[in-house]
>>> print(open('coords_12.txt').read())   # compact mmCIF, C-alpha atoms and all ligand atoms
# COMPACT_ATOMS: atom_id res chain seq x y z
CA MET Z 1 23.33 -5.97 17.27
CA LEU Z 2 21.61 -5.24 13.99
CA SER Z 3 23.04 -6.33 10.63
CA ILE Z 4 21.69 -4.30 7.75
CA ILE Z 5 21.95 -6.20 4.49
CA ILE Z 6 21.82 -4.16 1.33
CA PRO Z 7 21.89 -5.88 -2.06
CA THR Z 8 23.30 -3.77 -4.85
CA LYS Z 9 23.84 -3.97 -8.55
CA ASN Z 10 25.07 -0.83 -10.29
CA GLU Z 11 23.81 1.61 -7.70
CA ALA Z 12 26.68 4.13 -7.82
CA SER Z 13 24.18 6.91 -8.48
CA ASN Z 14 22.32 6.13 -5.24
CA ILE Z 15 25.02 5.01 -2.86
CA GLY Z 16 26.21 8.55 -1.97
CA LYS Z 17 22.79 9.70 -0.86
CA LEU Z 18 22.09 6.38 0.85
CA PHE Z 19 25.22 6.54 2.99
CA ASN Z 20 24.59 10.18 3.73
CA ARG Z 21 21.14 9.37 5.07
CA LEU Z 22 22.34 6.29 6.95
CA ASN Z 23 25.06 8.39 8.56
CA LYS Z 24 22.47 10.80 9.96
CA ILE Z 25 20.85 8.01 11.97
CA LYS Z 26 22.29 7.97 15.46
CA LYS Z 27 21.93 4.29 16.25
CA ILE Z 28 23.65 3.27 13.05
CA LYS Z 29 27.06 3.33 14.75
CA ASN Z 30 26.19 0.21 16.74
CA SER Z 31 25.14 -1.77 13.73
CA GLU Z 32 26.92 -3.31 10.83
CA ILE Z 33 26.09 -2.71 7.19
CA ILE Z 34 26.65 -5.58 4.80
CA LEU Z 35 26.73 -4.70 1.16
CA VAL Z 36 26.22 -7.69 -1.08
CA ASP Z 37 27.04 -6.56 -4.56
CA SER Z 38 26.61 -8.66 -7.69
CA ASP Z 39 29.68 -7.60 -9.60
CA SER Z 40 28.65 -3.99 -10.30
CA LYS Z 41 30.46 -2.38 -13.19
CA ASP Z 42 29.92 1.19 -12.05
CA ASN Z 43 32.17 1.56 -8.99
CA THR Z 44 29.41 0.82 -6.49
CA ARG Z 45 31.83 -1.09 -4.26
CA THR Z 46 34.73 1.40 -4.42
CA LEU Z 47 32.37 4.25 -3.72
CA ALA Z 48 30.82 2.42 -0.79
CA LYS Z 49 34.26 1.75 0.65
CA LYS Z 50 35.25 5.41 0.39
CA LEU Z 51 32.03 6.61 1.98
CA SER Z 52 32.18 4.16 4.85
CA ARG Z 53 35.64 5.48 5.68
CA LYS Z 54 34.48 9.07 5.39
CA TYR Z 55 31.51 8.51 7.71
CA LYS Z 56 33.27 5.91 9.89
CA LEU Z 57 30.47 3.44 9.39
CA ASN Z 58 30.87 -0.25 10.07
CA VAL Z 59 30.49 -1.54 6.53
CA ARG Z 60 31.51 -4.88 5.07
CA ILE Z 61 31.43 -5.19 1.33
CA PHE Z 62 31.20 -8.44 -0.59
CA ASN Z 63 31.21 -9.11 -4.28
CA THR Z 64 28.72 -11.93 -4.74
CA GLY Z 65 29.55 -12.26 -8.42
CA LYS Z 66 26.88 -14.02 -10.39
CA LEU Z 67 24.48 -14.52 -7.47
CA ASP Z 68 21.10 -12.88 -8.00
CA LEU Z 69 19.40 -10.51 -5.56
CA SER Z 70 17.90 -13.08 -3.19
CA ASN Z 71 20.96 -15.31 -3.15
CA SER Z 72 23.20 -12.33 -2.49
CA VAL Z 73 21.00 -11.56 0.50
CA VAL Z 74 21.27 -15.18 1.70
CA PHE Z 75 25.04 -14.80 1.37
CA GLY Z 76 24.69 -11.73 3.58
CA PHE Z 77 22.74 -13.76 6.18
CA LYS Z 78 25.70 -16.10 6.49
CA LYS Z 79 28.07 -13.20 7.08
CA ALA Z 80 25.81 -11.37 9.53
CA ARG Z 81 27.09 -11.06 13.09
CA GLY Z 82 23.99 -9.42 14.54
CA ASP Z 83 21.12 -11.24 16.19
CA MET Z 84 18.71 -9.01 14.27
CA ILE Z 85 18.77 -8.60 10.53
CA CYS Z 86 17.39 -5.90 8.29
CA VAL Z 87 17.10 -6.27 4.51
CA MET Z 88 16.79 -3.11 2.47
CA ASP Z 89 17.23 -1.87 -1.11
CA ALA Z 90 19.96 0.62 -1.94
CA ASP Z 91 17.98 2.81 -4.30
CA LEU Z 92 16.24 4.89 -1.60
CA GLN Z 93 12.82 3.46 -2.39
CA HIS Z 94 13.08 2.18 1.17
CA PRO Z 95 13.60 5.07 3.61
CA PRO Z 96 16.59 4.18 5.82
CA GLU Z 97 15.12 6.32 8.60
CA MET Z 98 12.57 3.55 9.17
CA ILE Z 99 15.09 0.87 10.06
CA PHE Z 100 15.20 1.55 13.78
CA LEU Z 101 11.50 2.22 13.95
CA MET Z 102 11.02 -1.29 12.67
CA LEU Z 103 13.59 -2.67 15.08
CA ARG Z 104 11.86 -0.97 17.99
CA LYS Z 105 8.54 -2.43 16.88
CA LEU Z 106 10.15 -5.89 16.72
CA GLU Z 107 11.41 -5.55 20.28
CA LYS Z 108 8.34 -3.90 21.72
CA GLU Z 109 5.87 -6.38 20.25
CA LYS Z 110 8.23 -9.33 20.72
CA ALA Z 111 7.71 -10.03 17.03
CA ASP Z 112 9.83 -12.32 14.87
CA ILE Z 113 9.46 -10.35 11.66
CA VAL Z 114 8.54 -6.73 11.00
CA ILE Z 115 7.71 -5.84 7.42
CA ALA Z 116 7.55 -2.40 5.84
CA SER Z 117 4.41 -3.11 3.90
CA ARG Z 118 2.99 -1.50 0.78
CA PHE Z 119 -0.43 -2.99 1.28
CA VAL Z 120 -1.63 -2.13 4.75
CA LYS Z 121 -3.69 0.91 5.62
CA GLY Z 122 -1.69 4.10 5.35
CA ALA Z 123 0.84 2.81 2.82
CA LYS Z 124 1.56 4.40 -0.55
CA ILE Z 125 3.15 2.96 -3.67
CA GLY Z 126 4.94 4.60 -6.54
CA PHE Z 127 4.33 1.77 -8.99
CA SER Z 128 3.19 1.71 -12.59
CA ALA Z 129 -0.35 0.40 -13.15
CA GLN Z 130 1.14 -2.61 -14.90
CA ARG Z 131 3.27 -3.56 -11.91
CA VAL Z 132 0.32 -3.12 -9.58
CA VAL Z 133 -1.61 -5.73 -11.57
CA VAL Z 134 1.31 -8.17 -11.73
CA SER Z 135 1.88 -7.67 -8.03
CA LYS Z 136 -1.77 -8.37 -7.28
CA ILE Z 137 -1.73 -11.64 -9.23
CA TYR Z 138 1.54 -12.56 -7.57
CA ARG Z 139 0.19 -12.02 -4.07
CA PHE Z 140 -2.95 -13.92 -4.96
CA LEU Z 141 -0.94 -16.94 -6.10
CA ALA Z 142 1.39 -16.66 -3.11
CA LYS Z 143 -1.64 -17.04 -0.83
CA ILE Z 144 -2.58 -20.22 -2.67
CA PHE Z 145 0.78 -21.90 -3.02
CA VAL Z 146 2.62 -20.69 0.05
CA PRO Z 147 0.03 -21.13 2.79
CA LYS Z 148 2.48 -19.93 5.43
CA SER Z 149 2.38 -16.49 3.83
CA GLN Z 150 -1.41 -16.28 3.93
CA ASN Z 151 -1.64 -13.75 6.70
CA VAL Z 152 0.96 -11.42 5.26
CA ARG Z 153 -0.34 -8.57 3.12
CA ASP Z 154 2.97 -7.87 1.40
CA PRO Z 155 4.94 -11.13 1.10
CA ALA Z 156 6.92 -9.61 -1.79
CA ALA Z 157 8.28 -6.74 0.27
CA GLY Z 158 11.98 -6.03 0.05
CA PHE Z 159 12.26 -4.10 3.33
CA PHE Z 160 11.99 -6.01 6.61
CA VAL Z 161 13.63 -6.73 9.96
CA PHE Z 162 13.74 -10.12 11.66
CA ARG Z 163 15.43 -12.17 14.37
CA LYS Z 164 18.28 -14.21 13.00
CA LYS Z 165 17.32 -17.20 15.12
CA ILE Z 166 14.37 -17.96 12.82
CA LEU Z 167 16.85 -18.97 10.12
CA LYS Z 168 18.05 -21.90 12.20
CA ASN Z 169 17.41 -25.22 10.37
CA ALA Z 170 16.09 -23.40 7.31
CA LYS Z 171 17.42 -24.38 3.93
CA LEU Z 172 17.03 -21.23 1.88
CA GLU Z 173 17.19 -21.82 -1.86
CA PRO Z 174 15.51 -18.80 -3.44
CA VAL Z 175 15.64 -17.65 -7.03
CA GLY Z 176 15.14 -14.09 -8.20
CA PHE Z 177 14.06 -11.16 -6.05
CA LYS Z 178 11.55 -12.37 -3.49
CA ILE Z 179 13.66 -13.27 -0.52
CA LEU Z 180 10.91 -12.51 2.02
CA LEU Z 181 8.58 -15.12 0.55
CA GLU Z 182 11.36 -17.71 0.82
CA ILE Z 183 11.81 -16.78 4.48
CA LEU Z 184 8.07 -16.92 5.15
CA ALA Z 185 7.88 -20.34 3.51
CA LYS Z 186 10.87 -21.99 5.11
CA THR Z 187 11.87 -20.53 8.46
CA GLU Z 188 10.60 -21.06 11.97
CA TYR Z 189 8.66 -18.07 13.26
CA GLY Z 190 5.40 -17.53 15.09
CA VAL Z 191 2.55 -16.92 12.66
CA ASP Z 192 1.17 -14.38 15.11
CA LYS Z 193 4.58 -12.78 15.42
CA ILE Z 194 4.64 -10.93 12.13
CA VAL Z 195 3.96 -7.23 12.18
CA GLU Z 196 3.41 -5.11 9.10
CA ILE Z 197 3.78 -1.37 9.22
CA PRO Z 198 2.78 0.91 6.36
CA PHE Z 199 5.29 2.99 4.49
CA SER Z 200 5.49 5.06 1.38
CA PHE Z 201 7.27 3.15 -1.37
CA LYS Z 202 8.69 6.09 -3.31
CA GLU Z 203 9.50 6.08 -6.98
CA ARG Z 204 13.10 5.42 -7.92
CA LYS Z 205 14.84 8.70 -8.77
CA LYS Z 206 18.24 7.50 -10.00
CA GLY Z 207 19.35 4.41 -11.89
CA LYS Z 208 17.05 1.73 -13.19
CA SER Z 209 14.99 -1.04 -11.63
CA LYS Z 210 16.38 -4.48 -12.45
CA PHE Z 211 12.98 -6.04 -12.07
CA ASN Z 212 12.33 -6.71 -15.75
CA PHE Z 213 10.11 -9.17 -17.61
CA LYS Z 214 12.56 -11.99 -17.06
CA GLN Z 215 12.58 -11.37 -13.31
CA THR Z 216 8.79 -11.39 -13.32
CA CYS Z 217 8.88 -14.88 -14.80
CA VAL Z 218 11.53 -15.93 -12.28
CA ALA Z 219 9.25 -14.69 -9.49
CA PHE Z 220 6.48 -17.00 -10.68
CA LYS Z 221 8.99 -19.82 -11.08
CA HIS Z 222 10.02 -19.25 -7.48
CA LEU Z 223 6.37 -19.58 -6.45
CA LEU Z 224 6.12 -22.93 -8.20
CA LYS Z 225 9.32 -24.07 -6.56
CA LEU Z 226 7.94 -23.15 -3.14
CA SER Z 227 4.64 -24.87 -3.88
CA ARG Z 228 6.55 -28.10 -4.31
CA THR Z 229 7.92 -27.71 -0.78
CA SER Z 230 4.48 -27.08 0.64
CA LYS Z 231 2.86 -29.73 -1.60
CA GLU Z 232 0.05 -27.24 -2.10
CA HIS Z 233 0.06 -27.68 -5.86
CA LYS Z 234 -1.20 -31.23 -5.33
CA ARG Z 235 -4.14 -29.92 -3.41
CA PHE Z 236 -4.89 -27.47 -6.20
CA LEU Z 237 -4.70 -30.31 -8.70
CA LYS Z 238 -7.25 -32.31 -6.71
CA PHE Z 239 -9.53 -29.30 -6.68
CA CYS Z 240 -9.23 -28.96 -10.47
CA ILE Z 241 -9.93 -32.66 -11.05
CA ILE Z 242 -13.08 -32.39 -8.96
CA GLY Z 243 -13.98 -29.21 -10.83
CA ALA Z 244 -13.73 -31.12 -14.10
CA SER Z 245 -15.94 -33.87 -12.71
CA GLY Z 246 -18.46 -31.18 -11.78
CA LEU Z 247 -18.44 -29.94 -15.33
CA ILE Z 248 -19.31 -33.41 -16.61
CA ILE Z 249 -22.13 -33.76 -14.09
CA ASN Z 250 -23.43 -30.33 -15.04
CA GLU Z 251 -23.46 -31.03 -18.78
CA GLY Z 252 -24.79 -34.56 -18.34
CA LEU Z 253 -27.71 -33.53 -16.15
CA LEU Z 254 -28.58 -30.55 -18.30
CA TRP Z 255 -28.80 -32.88 -21.28
CA THR Z 256 -30.69 -35.69 -19.50
CA LEU Z 257 -33.24 -33.46 -17.80
CA THR Z 258 -33.94 -31.49 -20.96
CA GLU Z 259 -34.01 -34.38 -23.42
CA PHE Z 260 -35.50 -37.19 -21.35
CA ALA Z 261 -37.39 -35.58 -18.48
CA GLY Z 262 -38.79 -32.90 -20.74
CA LEU Z 263 -37.83 -29.97 -18.51
CA PHE Z 264 -37.32 -26.45 -19.85
CA TYR Z 265 -33.55 -26.15 -20.43
CA LEU Z 266 -33.10 -23.22 -18.04
CA LEU Z 267 -34.77 -25.12 -15.25
CA SER Z 268 -32.63 -28.17 -16.07
CA SER Z 269 -29.61 -25.88 -15.88
CA VAL Z 270 -30.45 -24.62 -12.40
CA ILE Z 271 -30.80 -28.20 -11.17
CA ALA Z 272 -27.63 -29.23 -13.00
CA ILE Z 273 -25.60 -26.34 -11.56
CA GLU Z 274 -26.76 -26.95 -8.01
CA THR Z 275 -26.13 -30.69 -8.26
CA SER Z 276 -22.61 -30.12 -9.55
CA ILE Z 277 -21.93 -27.62 -6.77
CA LEU Z 278 -23.06 -30.14 -4.19
CA SER Z 279 -21.06 -32.99 -5.66
CA ASN Z 280 -18.02 -30.72 -5.89
CA PHE Z 281 -18.50 -29.83 -2.27
CA VAL Z 282 -18.78 -33.40 -1.03
CA LEU Z 283 -15.78 -34.56 -3.04
CA ASN Z 284 -13.63 -31.67 -1.87
CA ASP Z 285 -14.76 -32.26 1.68
CA ILE Z 286 -13.66 -35.89 1.68
CA TRP Z 287 -10.59 -35.55 -0.52
CA THR Z 288 -9.03 -32.10 -1.12
CA PHE Z 289 -9.66 -30.67 2.33
CA ARG Z 290 -10.23 -33.80 4.37
CA ARG Z 291 -7.75 -32.72 7.04
CA GLU Z 292 -9.27 -29.26 7.28
CA ARG Z 293 -12.78 -30.40 8.10
CA LYS Z 294 -13.93 -28.51 11.16
CA GLY Z 295 -17.32 -27.61 12.56
CA ARG Z 296 -20.60 -28.44 10.93
CA PHE Z 297 -20.91 -30.13 7.56
CA LEU Z 298 -23.97 -28.07 6.63
CA LYS Z 299 -22.26 -24.81 7.43
CA ARG Z 300 -19.33 -25.67 5.15
CA MET Z 301 -21.76 -26.71 2.45
CA PHE Z 302 -23.63 -23.45 2.74
CA LYS Z 303 -20.43 -21.40 2.54
CA PHE Z 304 -19.24 -23.36 -0.48
CA ASN Z 305 -22.56 -22.76 -2.17
CA ILE Z 306 -22.37 -19.02 -1.59
CA ALA Z 307 -18.82 -18.87 -2.94
CA ARG Z 308 -19.88 -20.77 -6.07
CA ILE Z 309 -22.86 -18.59 -6.76
CA PHE Z 310 -20.71 -15.50 -6.28
CA ALA Z 311 -18.21 -17.08 -8.69
CA LEU Z 312 -20.95 -17.52 -11.25
CA PHE Z 313 -21.42 -13.76 -11.34
CA ILE Z 314 -17.68 -13.17 -11.59
CA ASN Z 315 -17.65 -15.56 -14.54
CA LEU Z 316 -20.47 -13.69 -16.27
CA GLY Z 317 -18.81 -10.34 -15.50
CA ILE Z 318 -15.48 -11.35 -17.01
CA LEU Z 319 -17.20 -12.93 -20.00
CA TRP Z 320 -19.12 -9.73 -20.65
CA LEU Z 321 -16.18 -7.39 -20.01
CA LEU Z 322 -13.67 -9.17 -22.23
CA THR Z 323 -16.18 -9.75 -25.00
CA THR Z 324 -17.11 -6.07 -24.94
CA ILE Z 325 -13.50 -5.04 -25.49
CA GLY Z 326 -13.37 -7.23 -28.58
CA ILE Z 327 -12.11 -10.63 -27.41
CA HIS Z 328 -13.89 -13.70 -28.79
CA TYR Z 329 -16.53 -14.85 -26.30
CA LEU Z 330 -15.19 -18.41 -26.14
CA ILE Z 331 -11.77 -17.12 -25.15
CA SER Z 332 -13.33 -14.65 -22.71
CA ASN Z 333 -15.16 -17.56 -21.17
CA LEU Z 334 -11.94 -19.55 -20.73
CA VAL Z 335 -10.33 -16.59 -18.94
CA GLY Z 336 -13.47 -16.34 -16.82
CA ILE Z 337 -13.36 -20.00 -15.90
CA ALA Z 338 -9.66 -19.77 -14.99
CA MET Z 339 -10.22 -16.75 -12.75
CA VAL Z 340 -13.26 -18.32 -11.16
CA THR Z 341 -11.35 -21.53 -10.46
CA LEU Z 342 -8.71 -19.51 -8.64
CA PHE Z 343 -11.37 -17.53 -6.82
CA THR Z 344 -13.33 -20.55 -5.63
CA TYR Z 345 -10.13 -22.32 -4.68
CA LEU Z 346 -8.99 -19.41 -2.61
CA SER Z 347 -12.35 -18.98 -0.92
CA SER Z 348 -12.38 -22.72 -0.19
CA LEU Z 349 -8.93 -22.55 1.32
CA LEU Z 350 -9.37 -19.37 3.29
CA TRP Z 351 -13.03 -19.48 4.18
CA VAL Z 352 -14.94 -22.74 3.72
CA TRP Z 353 -12.28 -25.07 5.12
CA LYS Z 354 -10.33 -22.58 7.19
N1 LIG D 1 23.26 -8.21 -5.27
C1 LIG D 1 22.30 -7.93 -6.17
N2 LIG D 1 22.17 -8.74 -7.27
N3 LIG D 1 21.49 -6.90 -5.98
C2 LIG D 1 20.54 -6.63 -6.91
C3 LIG D 1 20.37 -7.42 -8.07
C4 LIG D 1 21.24 -8.52 -8.24
O1 LIG D 1 21.18 -9.27 -9.22
N4 LIG D 1 19.34 -6.90 -8.78
C5 LIG D 1 18.92 -5.82 -8.10
N5 LIG D 1 19.64 -5.65 -6.97
C6 LIG D 1 19.51 -4.62 -5.94
C7 LIG D 1 19.35 -3.23 -6.49
O2 LIG D 1 20.61 -2.62 -6.69
C8 LIG D 1 18.54 -2.55 -5.40
O3 LIG D 1 19.35 -2.09 -4.36
C9 LIG D 1 17.67 -3.67 -4.86
O4 LIG D 1 18.34 -4.89 -5.20
C10 LIG D 1 16.26 -3.67 -5.48
O5 LIG D 1 16.37 -3.76 -6.88
P1 LIG D 1 15.47 -2.93 -7.90
O6 LIG D 1 15.96 -3.24 -9.24
O7 LIG D 1 15.40 -1.49 -7.49
O8 LIG D 1 14.07 -3.65 -7.69
P2 LIG D 1 12.62 -3.05 -7.55
O9 LIG D 1 12.60 -1.73 -6.86
O10 LIG D 1 11.99 -3.09 -8.88
O11 LIG D 1 11.94 -4.12 -6.58
C11 LIG D 1 12.24 -4.10 -5.20
O12 LIG D 1 11.17 -3.70 -4.42
C12 LIG D 1 10.03 -4.56 -4.47
C13 LIG D 1 9.01 -4.02 -3.54
O13 LIG D 1 9.53 -3.81 -2.25
C14 LIG D 1 12.68 -5.49 -4.75
O14 LIG D 1 13.09 -5.41 -3.41
C15 LIG D 1 11.55 -6.47 -4.88
O15 LIG D 1 11.93 -7.75 -4.39
C16 LIG D 1 10.38 -5.98 -4.11
O16 LIG D 1 9.25 -6.79 -4.36
MN MN D 2 13.98 -0.34 -6.53
>>> encode(input="coords_12.txt", output="structure tokens", more="lines below")
Ligand code: GDD
Ligand code: MN
Amino acid sequence: MLSIIIPTKNEASNIGKLFNRLNKIKKIKNSEIILVDSDSKDNTRTLAKKLSRKYKLNVRIFNTGKLDLSNSVVFGFKKARGDMICVMDADLQHPPEMIFLMLRKLEKEKADIVIASRFVKGAKIGFSAQRVVVSKIYRFLAKIFVPKSQNVRDPAAGFFVFRKKILKNAKLEPVGFKILLEILAKTEYGVDKIVEIPFSFKERKKGKSKFNFKQTCVAFKHLLKLSRTSKEHKRFLKFCIIGASGLIINEGLLWTLTEFAGLFYLLSSVIAIETSILSNFVLNDIWTFRRERKGRFLKRMFKFNIARIFALFINLGILWLLTTIGIHYLISNLVGIAMVTLFTYLSSLLWVWK
């Protein structure tokens, strides 16, 4: 059986249409719908009750009070009687007609999780430009701090189907909205048993999104919380410490070669940069990524070098771009360095020491 878990908060303006569309799906009669509602003040629950009677749908409604979105969903997991679970929003941004398509995919491909993804080929998103940028940064950081989510294109999706058995032994303690990332980080599934299918994430027509600035911060807080479980933030710290040591080597050599060896400063700089890249590489190889060392030393060194040189251009690009739009060049440079650190870290993690 399939348990469809739908978190709601003040969705009275959407619930009618949602139930109407759910009712048109044939297979829905054999599944249960679990509404986990955080104390809506607009009759969401009463309306849902009425409609489930009208359509004779198997609906269980819970008031989860002060619990947030993800914790309401976890509450729903505990109530679920099905061996498959679907999580879906109530505001029709997730087309209910896809539920059984996803379920079929899960069964056919013997997958553990099927995600309706906004970021695989063929998908569309009705998002503001601002949210696209935030989402991009979020997914970037998720790759870094939640390594188990690395192969998933849309770890922040809110529409997915999975086998309940993967929850066994998992201690889910999410905060905020991103329940899928919590699942990816903490449950037992096959990494090669995740399937993403594209869908069109429509704009919300009625009611308002509850994903505000505060929730954006909570999402990043959630990431940090998960990084503590994975201990990945320690690795990142090591990488930054080595980066700082590289900076000292770079400056020191530039100074020594120019002042004492009498080299032209640009030539000194080339030598200084390359030396710091190499020392960064060796230190990362024996400390940050010592357990990930595979294959040939020289090959890793070569890859690391390429990533760093590429990063140099990114740094220059950001410096130029931000300065052109009126930001002080020293601040632009700091932003550049921060972005480049993330970039080189990610390429180290996903490419050099993969
Ligand atoms: N129980 C409960 N408690 N439900 C909530 C709460 C809450 O505090 N806040 C929101 N919801 C419900 C909404 O009623 C809706 O059904 C669903 O959760 C999604 O909330 P929205 O406010 O519409 O969020 P969004 O569309 O901006 O973001 C959604 O889609 C993103 C992309 O798939 C969420 O699912 C995000 O987690 C997701 O990243
Ligand atoms: Mn929404």
>>> residues_around(input="coords_12.txt", residues="Asn212 of chain Z", least_positions_apart="3", cutoff="12 Å", atoms="all atoms listed in the file", output="MDAnalysis selection string")
chainID Z and resid 130:131 134 176:177 208:209 215:219
>>> residues_around(input="coords_12.txt", residues="Trp320 of chain Z", least_positions_apart="5", cutoff="12 Å", atoms="only C-alpha atoms", output="ChimeraX atom specification")
/Z:313-315,325-333,335-336
>>> closest_residue(input="coords_12.txt", among="Z:Lys205, Z:Arg163, Z:Lys54, Z:Arg235", to="ligand LIG 1 (chain D)", atoms="all atoms listed in the file")
Z:Lys205
>>> closest_residue(input="coords_12.txt", among="Z:Ala244, Z:Leu316, Z:Ala311, Z:Leu92", to="ligand MN 2 (chain D)", atoms="only C-alpha atoms and all ligand atoms")
Z:Leu92
>>> residues_near_ligand(input="coords_12.txt", ligand="ligand MN 2 (chain D)", cutoff="7 Å", atoms="all atoms listed in the file", output="list in words")
Asp89, Asp91, Gln93, Arg204 and Ser209 of chain Z
>>> build_atoms(input="coords_12.txt", residues="segment 10-31 of chain Z", atoms="N, CA and C atoms", output="JSON list (two decimals), in the frame of the given file")
[["chain", "number", "residue", "atom", "x", "y", "z"],
["Z", 10, "ASN", "N", 24.96, -2.13, -9.60],
["Z", 10, "ASN", "CA", 25.07, -0.83, -10.29],
["Z", 10, "ASN", "C", 24.23, 0.26, -9.65],
["Z", 11, "GLU", "N", 24.56, 0.56, -8.41],
["Z", 11, "GLU", "CA", 23.81, 1.61, -7.70],
["Z", 11, "GLU", "C", 24.70, 2.80, -7.36],
["Z", 12, "ALA", "N", 25.77, 3.04, -8.13],
["Z", 12, "ALA", "CA", 26.68, 4.13, -7.82],
["Z", 12, "ALA", "C", 25.94, 5.47, -7.73],
["Z", 13, "SER", "N", 24.89, 5.63, -8.50],
["Z", 13, "SER", "CA", 24.18, 6.91, -8.48],
["Z", 13, "SER", "C", 23.33, 7.09, -7.23],
["Z", 14, "ASN", "N", 23.15, 6.03, -6.45],
["Z", 14, "ASN", "CA", 22.32, 6.13, -5.24],
["Z", 14, "ASN", "C", 23.13, 6.01, -3.94],
["Z", 15, "ILE", "N", 24.31, 5.40, -4.06],
["Z", 15, "ILE", "CA", 25.02, 5.01, -2.86],
["Z", 15, "ILE", "C", 25.46, 6.21, -2.01],
["Z", 16, "GLY", "N", 25.79, 7.34, -2.68],
["Z", 16, "GLY", "CA", 26.21, 8.55, -1.97],
["Z", 16, "GLY", "C", 25.10, 9.04, -1.05],
["Z", 17, "LYS", "N", 23.94, 9.22, -1.61],
["Z", 17, "LYS", "CA", 22.79, 9.70, -0.86],
["Z", 17, "LYS", "C", 22.40, 8.70, 0.23],
["Z", 18, "LEU", "N", 22.46, 7.42, -0.11],
["Z", 18, "LEU", "CA", 22.09, 6.38, 0.85],
["Z", 18, "LEU", "C", 22.99, 6.45, 2.09],
["Z", 19, "PHE", "N", 24.30, 6.50, 1.86],
["Z", 19, "PHE", "CA", 25.22, 6.54, 2.99],
["Z", 19, "PHE", "C", 25.07, 7.83, 3.78],
["Z", 20, "ASN", "N", 24.81, 8.91, 3.06],
["Z", 20, "ASN", "CA", 24.59, 10.18, 3.73],
["Z", 20, "ASN", "C", 23.40, 10.08, 4.69],
["Z", 21, "ARG", "N", 22.34, 9.48, 4.21],
["Z", 21, "ARG", "CA", 21.14, 9.37, 5.07],
["Z", 21, "ARG", "C", 21.35, 8.36, 6.20],
["Z", 22, "LEU", "N", 22.05, 7.27, 5.89],
["Z", 22, "LEU", "CA", 22.34, 6.29, 6.95],
["Z", 22, "LEU", "C", 23.18, 6.94, 8.05],
["Z", 23, "ASN", "N", 24.14, 7.76, 7.62],
["Z", 23, "ASN", "CA", 25.06, 8.39, 8.56],
["Z", 23, "ASN", "C", 24.35, 9.32, 9.53],
["Z", 24, "LYS", "N", 23.20, 9.86, 9.10],
["Z", 24, "LYS", "CA", 22.47, 10.80, 9.96],
["Z", 24, "LYS", "C", 21.69, 10.07, 11.05],
["Z", 25, "ILE", "N", 21.60, 8.75, 10.95],
["Z", 25, "ILE", "CA", 20.85, 8.01, 11.97],
["Z", 25, "ILE", "C", 21.79, 7.69, 13.13],
["Z", 26, "LYS", "N", 21.40, 8.11, 14.31],
["Z", 26, "LYS", "CA", 22.29, 7.97, 15.46],
["Z", 26, "LYS", "C", 22.69, 6.53, 15.74],
["Z", 27, "LYS", "N", 21.67, 5.66, 15.80],
["Z", 27, "LYS", "CA", 21.93, 4.29, 16.25],
["Z", 27, "LYS", "C", 22.75, 3.48, 15.25],
["Z", 28, "ILE", "N", 22.99, 4.03, 14.10],
["Z", 28, "ILE", "CA", 23.65, 3.27, 13.05],
["Z", 28, "ILE", "C", 25.07, 2.85, 13.47],
["Z", 29, "LYS", "N", 25.67, 3.61, 14.37],
["Z", 29, "LYS", "CA", 27.06, 3.33, 14.75],
["Z", 29, "LYS", "C", 27.20, 1.98, 15.45],
["Z", 30, "ASN", "N", 26.11, 1.51, 16.06],
["Z", 30, "ASN", "CA", 26.19, 0.21, 16.74],
["Z", 30, "ASN", "C", 25.78, -0.94, 15.86],
["Z", 31, "SER", "N", 25.54, -0.67, 14.60],
["Z", 31, "SER", "CA", 25.14, -1.77, 13.73],
["Z", 31, "SER", "C", 26.17, -1.98, 12.63]]
